[in-house]
>>> print(open('model-v5.pdb').read())   # PDB, C-alpha atoms
ATOM      1  CA  MET A 247     103.090 -27.384 -42.265
ATOM      2  CA  THR A 248     100.585 -24.845 -41.166
ATOM      3  CA  THR A 249      98.775 -25.005 -44.520
ATOM      4  CA  ILE A 250      98.373 -28.799 -44.302
ATOM      5  CA  GLN A 251      97.014 -28.573 -40.734
ATOM      6  CA  ASN A 252      94.496 -25.922 -41.769
ATOM      7  CA  LYS A 253      93.267 -28.104 -44.629
ATOM      8  CA  ASN A 254      92.919 -31.085 -42.326
ATOM      9  CA  SER A 255      91.050 -29.000 -39.742
ATOM     10  CA  LYS A 256      88.582 -27.824 -42.379
ATOM     11  CA  LYS A 257      87.985 -31.418 -43.462
ATOM     12  CA  ILE A 258      87.421 -32.489 -39.875
ATOM     13  CA  TRP A 259      84.917 -29.666 -39.281
ATOM     14  CA  ILE A 260      83.136 -30.411 -42.539
ATOM     15  CA  TYR A 261      82.952 -34.084 -41.588
ATOM     16  CA  LEU A 262      81.647 -33.314 -38.104
ATOM     17  CA  GLY A 263      79.109 -30.846 -39.487
ATOM     18  CA  GLY A 264      77.769 -33.396 -41.939
ATOM     19  CA  LEU A 265      77.606 -36.029 -39.235
ATOM     20  CA  LEU A 266      75.669 -33.631 -37.036
ATOM     21  CA  LEU A 267      73.176 -32.914 -39.805
ATOM     22  CA  ILE A 268      72.626 -36.641 -40.326
ATOM     23  CA  ILE A 269      71.948 -37.170 -36.608
ATOM     24  CA  ILE A 270      69.509 -34.250 -36.467
ATOM     25  CA  GLY A 271      67.707 -35.454 -39.550
ATOM     26  CA  GLN A 272      67.274 -38.931 -38.109
ATOM     27  CA  HIS A 273      66.029 -37.508 -34.857
ATOM     28  CA  LEU A 274      63.452 -35.318 -36.565
ATOM     29  CA  ASN A 275      62.366 -38.128 -38.807
ATOM     30  CA  GLY A 276      61.918 -40.420 -35.805
ATOM     31  CA  ALA A 277      59.868 -37.820 -33.946
ATOM     32  CA  ARG A 278      57.609 -37.265 -36.887
ATOM     33  CA  VAL A 279      57.127 -41.031 -37.327
ATOM     34  CA  MET A 280      56.300 -41.431 -33.617
ATOM     35  CA  ALA A 281      53.714 -38.711 -33.885
ATOM     36  CA  VAL A 282      51.562 -40.784 -36.194
ATOM     37  CA  PRO A 283      50.458 -43.444 -33.681
ATOM     38  CA  VAL A 284      50.065 -40.776 -31.011
ATOM     39  CA  MET A 285      47.646 -38.854 -33.204
ATOM     40  CA  ALA A 286      45.874 -42.057 -34.096
ATOM     41  CA  LEU A 287      45.337 -42.798 -30.394
ATOM     42  CA  ALA A 288      44.189 -39.277 -29.641
ATOM     43  CA  LEU A 289      41.573 -39.260 -32.375
ATOM     44  CA  PRO A 290      39.924 -42.701 -32.464
ATOM     45  CA  THR A 291      37.155 -43.406 -34.903
ATOM     46  CA  VAL A 292      33.798 -42.700 -33.217
ATOM     47  CA  THR A 293      30.792 -44.762 -34.166
ATOM     48  CA  PRO A 294      27.613 -42.731 -33.500
ATOM     49  CA  ILE A 295      24.933 -44.360 -31.319
ATOM     50  CA  LEU A 296      21.486 -43.528 -32.612
ATOM     51  CA  THR A 297      18.711 -42.863 -30.069
ATOM     52  CA  PRO A 298      15.301 -43.988 -31.259
ATOM     53  CA  THR A 299      12.627 -41.311 -31.552
ATOM     54  CA  VAL A 300      10.357 -41.157 -28.474
ATOM     55  CA  THR A 301       6.634 -40.966 -29.125
ATOM     56  CA  LEU A 302       4.991 -38.634 -26.588
ATOM     57  CA  SER A 303       1.698 -39.600 -25.010
ATOM     58  CA  PRO A 304      -1.194 -37.169 -25.478
ATOM     59  CA  THR A 305      -1.795 -34.624 -22.706
ATOM     60  CA  VAL A 306      -4.076 -35.957 -19.976
ATOM     61  CA  THR A 307      -6.435 -33.596 -18.165
ATOM     62  CA  TYR A 308      -7.103 -34.546 -14.540
ATOM     63  CA  ARG A 309     -10.258 -33.548 -12.725
ATOM     64  CA  LEU A 310      -9.434 -32.652  -9.132
ATOM     65  CA  THR A 311     -12.022 -33.434  -6.499
ATOM     66  CA  PRO A 312     -11.612 -31.273  -3.378
ATOM     67  CA  THR A 313     -11.540 -33.206  -0.121
ATOM     68  CA  ALA A 314     -12.745 -30.268   1.982
ATOM     69  CA  LYS A 315     -14.984 -27.248   1.654
ATOM     70  CA  ILE A 316     -13.095 -24.389   0.010
ATOM     71  CA  THR A 317     -13.650 -20.906   1.440
ATOM     72  CA  PRO A 318     -14.471 -18.453  -1.372
ATOM     73  CA  THR A 319     -11.589 -16.083  -2.028
ATOM     74  CA  ASP A 320     -13.873 -13.105  -2.648
ATOM     75  CA  ARG A 321     -14.751 -12.757   1.038
ATOM     76  CA  PHE A 322     -12.929 -10.054   2.984
ATOM     77  CA  ILE A 323     -13.018  -8.423   6.430
ATOM     78  CA  PHE A 324     -11.893  -4.873   7.161
ATOM     79  CA  ILE A 325     -11.717  -3.505  10.705
ATOM     80  CA  ASP A 326     -11.719   0.280  10.770
ATOM     81  CA  GLN A 327     -10.283   1.331  14.121
ATOM     82  CA  SER A 328     -11.012   5.006  13.533
ATOM     83  CA  GLN A 329     -14.743   4.209  13.331
ATOM     84  CA  GLN A 330     -14.666   1.068  15.519
ATOM     85  CA  MET A 331     -16.484  -0.916  12.843
ATOM     86  CA  MET A 332     -15.947  -4.287  11.159
ATOM     87  CA  HIS A 333     -16.951  -4.382   7.487
ATOM     88  CA  LEU A 334     -17.630  -7.784   5.921
ATOM     89  CA  PHE A 335     -17.591  -8.205   2.150
ATOM     90  CA  GLU A 336     -18.716 -11.057  -0.061
ATOM     91  CA  LYS A 337     -18.525 -11.171  -3.861
ATOM     92  CA  GLY A 338     -17.377  -7.571  -3.920
ATOM     93  CA  LYS A 339     -20.316  -6.253  -1.907
ATOM     94  CA  ARG A 340     -20.444  -5.182   1.727
ATOM     95  CA  MET A 341     -22.962  -7.454   3.339
ATOM     96  CA  ARG A 342     -22.716  -6.543   7.032
ATOM     97  CA  VAL A 343     -21.211  -3.959   9.391
ATOM     98  CA  ILE A 344     -20.473  -5.065  12.948
ATOM     99  CA  PRO A 345     -19.684  -2.595  15.756
ATOM    100  CA  VAL A 346     -16.418  -3.470  17.519
ATOM    101  CA  SER A 347     -14.228  -2.275  20.332
ATOM    102  CA  THR A 348     -10.459  -2.606  19.868
ATOM    103  CA  GLY A 349      -7.441  -1.998  22.137
ATOM    104  CA  MET A 350      -7.470   0.916  24.559
ATOM    105  CA  GLY A 351      -4.145   2.208  23.266
ATOM    106  CA  THR A 352      -1.673   1.794  26.120
ATOM    107  CA  ILE A 353       1.656   0.065  25.518
ATOM    108  CA  SER A 354       0.230  -3.371  26.327
ATOM    109  CA  THR A 355      -3.367  -2.839  25.158
ATOM    110  CA  THR A 356      -2.963  -1.592  21.579
ATOM    111  CA  THR A 357      -4.497  -3.346  18.574
ATOM    112  CA  ILE A 358      -1.802  -2.980  15.928
ATOM    113  CA  SER A 359      -2.518  -2.666  12.216
ATOM    114  CA  TRP A 360      -2.285  -6.103  10.596
ATOM    115  CA  ARG A 361      -3.065  -8.089   7.471
ATOM    116  CA  GLY A 362      -3.597 -11.829   7.373
ATOM    117  CA  LYS A 363      -6.315 -14.450   7.578
ATOM    118  CA  VAL A 364      -8.760 -15.310  10.324
ATOM    119  CA  GLY A 365      -7.470 -18.322  12.194
ATOM    120  CA  GLN A 366      -9.062 -21.196  14.038
ATOM    121  CA  TYR A 367     -12.345 -20.943  15.907
ATOM    122  CA  LEU A 368     -11.520 -21.529  19.588
ATOM    123  CA  GLY A 369     -14.964 -21.628  21.183
ATOM    124  CA  GLY A 370     -15.477 -19.985  24.564
ATOM    125  CA  GLY A 371     -13.490 -19.759  27.779
ATOM    126  CA  ALA A 372     -11.738 -17.553  30.316
ATOM    127  CA  VAL A 373      -9.702 -14.619  29.002
ATOM    128  CA  VAL A 374      -8.580 -12.314  31.823
ATOM    129  CA  GLY A 375      -8.938 -13.169  35.508
ATOM    130  CA  ASN A 376     -12.526 -14.202  36.186
ATOM    131  CA  MET A 377     -13.808 -12.865  32.851
ATOM    132  CA  TYR A 378     -15.177 -15.161  30.140
ATOM    133  CA  VAL A 379     -16.145 -14.986  26.481
ATOM    134  CA  ASP A 380     -18.468 -17.215  24.468
ATOM    135  CA  ASP A 381     -16.838 -17.218  21.017
ATOM    136  CA  MET A 382     -13.227 -16.637  19.939
ATOM    137  CA  TRP A 383     -11.365 -16.606  16.607
ATOM    138  CA  PHE A 384      -7.568 -16.523  16.525
ATOM    139  CA  LEU A 385      -5.860 -13.715  14.599
ATOM    140  CA  PHE A 386      -2.162 -13.454  15.572
ATOM    141  CA  PRO A 387       0.211 -13.319  18.570
ATOM    142  CA  ASP A 388       1.825 -10.068  19.715
ATOM    143  CA  LEU A 389       4.314  -9.210  22.455
ATOM    144  CA  TYR A 390       1.629  -9.342  25.144
ATOM    145  CA  GLY A 391      -0.418 -12.406  24.211
ATOM    146  CA  LEU A 392      -2.882 -13.521  21.567
ATOM    147  CA  VAL A 393      -4.991 -11.120  19.530
ATOM    148  CA  LEU A 394      -8.464 -12.550  18.958
ATOM    149  CA  ILE A 395     -11.909 -11.660  17.742
ATOM    150  CA  HIS A 396     -14.269 -12.510  20.588
ATOM    151  CA  THR A 397     -17.489 -11.541  22.305
ATOM    152  CA  VAL A 398     -17.500  -8.814  24.918
ATOM    153  CA  PRO A 399     -16.096 -10.386  28.132
ATOM    154  CA  TYR A 400     -18.400 -10.941  31.082
ATOM    155  CA  THR A 401     -18.351 -12.070  34.673
ATOM    156  CA  LYS A 402     -20.780 -14.615  36.024
ATOM    157  CA  SER A 403     -23.301 -13.853  38.733
ATOM    158  CA  GLY A 404     -25.292 -17.025  39.089
ATOM    159  CA  GLN A 405     -27.006 -17.495  35.747
ATOM    160  CA  LEU A 406     -26.530 -13.844  34.810
ATOM    161  CA  LYS A 407     -23.746 -12.449  32.628
ATOM    162  CA  GLN A 408     -22.468  -8.997  33.441
ATOM    163  CA  TYR A 409     -20.767  -7.680  30.305
ATOM    164  CA  ASP A 410     -17.768  -5.353  30.408
ATOM    165  CA  GLN A 411     -18.494  -2.037  28.644
ATOM    166  CA  LEU A 412     -21.001  -3.394  26.175
ATOM    167  CA  ASP A 413     -21.788   0.217  25.242
ATOM    168  CA  ALA A 414     -18.238   0.710  23.910
ATOM    169  CA  LEU A 415     -19.007  -1.317  20.753
ATOM    170  CA  GLY A 416     -18.906   1.026  17.775
ATOM    171  CA  ASN A 417     -18.022   3.948  20.048
ATOM    172  CA  ARG A 418     -14.614   3.634  21.719
ATOM    173  CA  PRO A 419     -11.683   1.256  22.265
ATOM    174  CA  ALA A 420     -12.058  -0.696  25.506
ATOM    175  CA  SER A 421     -10.255  -4.018  25.077
ATOM    176  CA  HIS A 422      -6.777  -5.230  26.053
ATOM    177  CA  GLY A 423      -5.868  -5.600  22.372
ATOM    178  CA  CYS A 424      -8.453  -8.018  21.005
ATOM    179  CA  VAL A 425     -11.397  -7.153  18.786
ATOM    180  CA  ARG A 426     -14.645  -7.292  20.740
ATOM    181  CA  ILE A 427     -18.063  -7.887  19.187
ATOM    182  CA  SER A 428     -21.534  -8.441  20.635
ATOM    183  CA  PRO A 429     -22.841 -11.961  21.423
ATOM    184  CA  GLN A 430     -25.514 -11.572  18.739
ATOM    185  CA  ASP A 431     -22.969 -10.601  16.066
ATOM    186  CA  ALA A 432     -20.741 -13.467  17.199
ATOM    187  CA  GLN A 433     -23.567 -15.920  16.534
ATOM    188  CA  TRP A 434     -23.998 -14.519  13.032
ATOM    189  CA  LEU A 435     -20.233 -14.570  12.421
ATOM    190  CA  LYS A 436     -20.016 -18.202  13.509
ATOM    191  CA  THR A 437     -22.658 -19.118  10.917
ATOM    192  CA  TRP A 438     -20.810 -17.112   8.238
ATOM    193  CA  ASN A 439     -17.602 -18.972   9.224
ATOM    194  CA  PRO A 440     -14.740 -16.466   8.791
ATOM    195  CA  VAL A 441     -11.956 -19.040   9.205
ATOM    196  CA  GLY A 442      -9.412 -18.515   6.428
ATOM    197  CA  VAL A 443     -10.971 -15.258   5.226
ATOM    198  CA  PRO A 444      -8.478 -12.417   4.490
ATOM    199  CA  ILE A 445      -8.676  -9.650   7.068
ATOM    200  CA  GLU A 446      -7.111  -6.227   7.493
ATOM    201  CA  ILE A 447      -7.004  -4.102  10.642
ATOM    202  CA  SER A 448      -6.389  -0.402  10.059
ATOM    203  CA  ARG A 449      -4.126   1.806  12.101
ATOM    204  CA  ARG A 450      -5.647   3.430  15.149
ATOM    205  CA  LYS A 451      -5.723   7.210  15.024
ATOM    206  CA  ILE A 452      -3.727   8.768  17.844
ATOM    207  CA  ASP A 453      -6.260  11.580  18.224
ATOM    208  CA  PHE A 454      -9.197   9.176  18.602
ATOM    209  CA  GLN A 455     -11.971  10.659  20.717
ATOM    210  CA  SER A 456     -15.051   8.972  22.094
ATOM    211  CA  LYS A 457     -18.336   9.978  20.538
TER
END
>>> encode(input="model-v5.pdb", output="structure tokens")
Amino acid sequence: MTTIQNKNSKKIWIYLGGLLLIIIGQHLNGARVMAVPVMALALPTVTPILTPTVTLSPTVTYRLTPTAKITPTDRFIFIDQSQQMMHLFEKGKRMRVIPVSTGMGTISTTTISWRGKVGQYLGGGAVVGNMYVDDMWFLFPDLYGLVLIHTVPYTKSGQLKQYDQLDALGNRPASHGCVRISPQDAQWLKTWNPVGVPIEISRRKIDFQSK
């Protein structure tokens, strides 16, 4: 009895194993068949779109006509505070030296070293209290006001102008921070037109002594 049951059990297991193999085979076959349309959808046939060749136009050279007078770039101004002199250069050559008087050197009256360009011409007017100047050019603002190039300040006594320390030009600092020049040099400078010209102001020597 036991031998018959064992034989039947083996047959059953063989039958079930074969059935299982058939099911697995069908499943794998179905998956492989389903993969074909998926791949076909993922890789569609691409038809290339051809871009026509672009013909470039020849290079065009434009002639620019300036709308305003251009200041030559070879002009330069250097203010030497150790010598109290303004040196003006044009085309690489020094063409004029103008005596100046810069800031006296206190906390609020120092002319600092600076590089930039001469700004707008401001004409004449009052500067400090009842003192006036005839010509002014803007340089830059500092903590205590505007730093300018201007004529030596003066007070009015009727038709007379009493200038403040005119003898300091080229000799010693006497201003509140601006760069002073004589009225005659201011007239020449106005004709030369320094607006837009590069300018450099040197450092002031601490041990500066009046001549």
>>> closest_residue(input="model-v5.pdb", among="A:Glu446, A:Ile427, A:Leu406, A:Leu392", to="Val364 in chain A", atoms="all atoms listed in the file")
A:Glu446
>>> atom_distance(input="model-v5.pdb", atom1="CA of Ser448 in chain A", atom2="CA of Met382 in chain A")
20.2 Å
>>> atom_distance(input="model-v5.pdb", atom1="CA of Leu415 in chain A", atom2="CA of Ile447 in chain A")
15.9 Å
>>> closest_residue(input="model-v5.pdb", among="A:Gly351, A:Gly370, A:Gly365, A:Gly423", to="Leu389 in chain A", atoms="all atoms listed in the file")
A:Gly423
>>> residues_around(input="model-v5.pdb", residues="Gln408 in chain A", least_positions_apart="3", cutoff="12 Å", atoms="all atoms listed in the file", output="short mmCIF file (atom, residue, chain, number, x, y, z; two decimals) with C-alpha atoms, in the coordinates of the input")
data_model
loop_
_atom_site.label_atom_id
_atom_site.label_comp_id
_atom_site.auth_asym_id
_atom_site.auth_seq_id
_atom_site.Cartn_x
_atom_site.Cartn_y
_atom_site.Cartn_z
CA ASN A 376 -12.53 -14.20 36.19
CA MET A 377 -13.81 -12.86 32.85
CA TYR A 378 -15.18 -15.16 30.14
CA VAL A 379 -16.14 -14.99 26.48
CA VAL A 398 -17.50 -8.81 24.92
CA PRO A 399 -16.10 -10.39 28.13
CA TYR A 400 -18.40 -10.94 31.08
CA THR A 401 -18.35 -12.07 34.67
CA LYS A 402 -20.78 -14.62 36.02
CA SER A 403 -23.30 -13.85 38.73
CA GLY A 404 -25.29 -17.02 39.09
CA GLN A 405 -27.01 -17.50 35.75
CA GLN A 411 -18.49 -2.04 28.64
CA LEU A 412 -21.00 -3.39 26.18
#
>>> resolve_selection(input="model-v5.pdb", expression="the PyMOL selection byres ((chain A and resi 338) around 9)", output="number ranges by chain")
A: 320-322, 335-337, 339-340
>>> closest_residue(input="model-v5.pdb", among="A:Ile353, A:Val441, A:Ile344, A:Val393", to="Ile325 in chain A", atoms="only C-alpha atoms")
A:Ile344
>>> atom_distance(input="model-v5.pdb", atom1="CA of Pro444 in chain A", atom2="CA of Arg361 in chain A")
7.5 Å
>>> residues_around(input="model-v5.pdb", residues="Asp380 in chain A", least_positions_apart="4", cutoff="9 Å", atoms="only C-alpha atoms", output="PyMOL selection string")
chain A and resi 369-372+396-399+429+432
>>> resolve_selection(input="model-v5.pdb", expression="the PyMOL selection byres ((chain A and resi 332) around 10)", output="list in words")
Ile323, Phe324, Ile325, Asp326, Gln327, Gln329, Gln330, Met331, His333, Leu334, Phe335, Arg342, Val343, Ile344, Pro345, Val346, Ser347, Gly416, Val425, Ile427, Ile445, Glu446 and Ile447 of chain A
>>> write_last_selection(input="model-v5.pdb", atoms="C-alpha atoms", output="compact mmCIF listing (two decimals), in the frame of the given file")
# COMPACT_ATOMS: atom_id res chain seq x y z
CA ILE A 323 -13.02 -8.42 6.43
CA PHE A 324 -11.89 -4.87 7.16
CA ILE A 325 -11.72 -3.50 10.70
CA ASP A 326 -11.72 0.28 10.77
CA GLN A 327 -10.28 1.33 14.12
CA GLN A 329 -14.74 4.21 13.33
CA GLN A 330 -14.67 1.07 15.52
CA MET A 331 -16.48 -0.92 12.84
CA HIS A 333 -16.95 -4.38 7.49
CA LEU A 334 -17.63 -7.78 5.92
CA PHE A 335 -17.59 -8.20 2.15
CA ARG A 342 -22.72 -6.54 7.03
CA VAL A 343 -21.21 -3.96 9.39
CA ILE A 344 -20.47 -5.07 12.95
CA PRO A 345 -19.68 -2.60 15.76
CA VAL A 346 -16.42 -3.47 17.52
CA SER A 347 -14.23 -2.28 20.33
CA GLY A 416 -18.91 1.03 17.77
CA VAL A 425 -11.40 -7.15 18.79
CA ILE A 427 -18.06 -7.89 19.19
CA ILE A 445 -8.68 -9.65 7.07
CA GLU A 446 -7.11 -6.23 7.49
CA ILE A 447 -7.00 -4.10 10.64
>>> resolve_selection(input="model-v5.pdb", expression="the PyMOL selection byres ((chain A and resi 391) around 12)", output="PDB file with C-alpha atoms, in the frame of the given file")
ATOM      1  CA  SER A 354       0.230  -3.371  26.327  1.00  0.00           C
ATOM      2  CA  THR A 355      -3.367  -2.839  25.158  1.00  0.00           C
ATOM      3  CA  THR A 356      -2.963  -1.592  21.579  1.00  0.00           C
ATOM      4  CA  THR A 357      -4.497  -3.346  18.574  1.00  0.00           C
ATOM      5  CA  VAL A 373      -9.702 -14.619  29.002  1.00  0.00           C
ATOM      6  CA  VAL A 374      -8.580 -12.314  31.823  1.00  0.00           C
ATOM      7  CA  PHE A 384      -7.568 -16.523  16.525  1.00  0.00           C
ATOM      8  CA  LEU A 385      -5.860 -13.715  14.599  1.00  0.00           C
ATOM      9  CA  PHE A 386      -2.162 -13.454  15.572  1.00  0.00           C
ATOM     10  CA  PRO A 387       0.211 -13.319  18.570  1.00  0.00           C
ATOM     11  CA  ASP A 388       1.825 -10.068  19.715  1.00  0.00           C
ATOM     12  CA  LEU A 389       4.314  -9.210  22.455  1.00  0.00           C
ATOM     13  CA  TYR A 390       1.629  -9.342  25.144  1.00  0.00           C
ATOM     14  CA  LEU A 392      -2.882 -13.521  21.567  1.00  0.00           C
ATOM     15  CA  VAL A 393      -4.991 -11.120  19.530  1.00  0.00           C
ATOM     16  CA  LEU A 394      -8.464 -12.550  18.958  1.00  0.00           C
ATOM     17  CA  HIS A 422      -6.777  -5.230  26.053  1.00  0.00           C
ATOM     18  CA  GLY A 423      -5.868  -5.600  22.372  1.00  0.00           C
ATOM     19  CA  CYS A 424      -8.453  -8.018  21.005  1.00  0.00           C
TER      20      CYS A 424
END
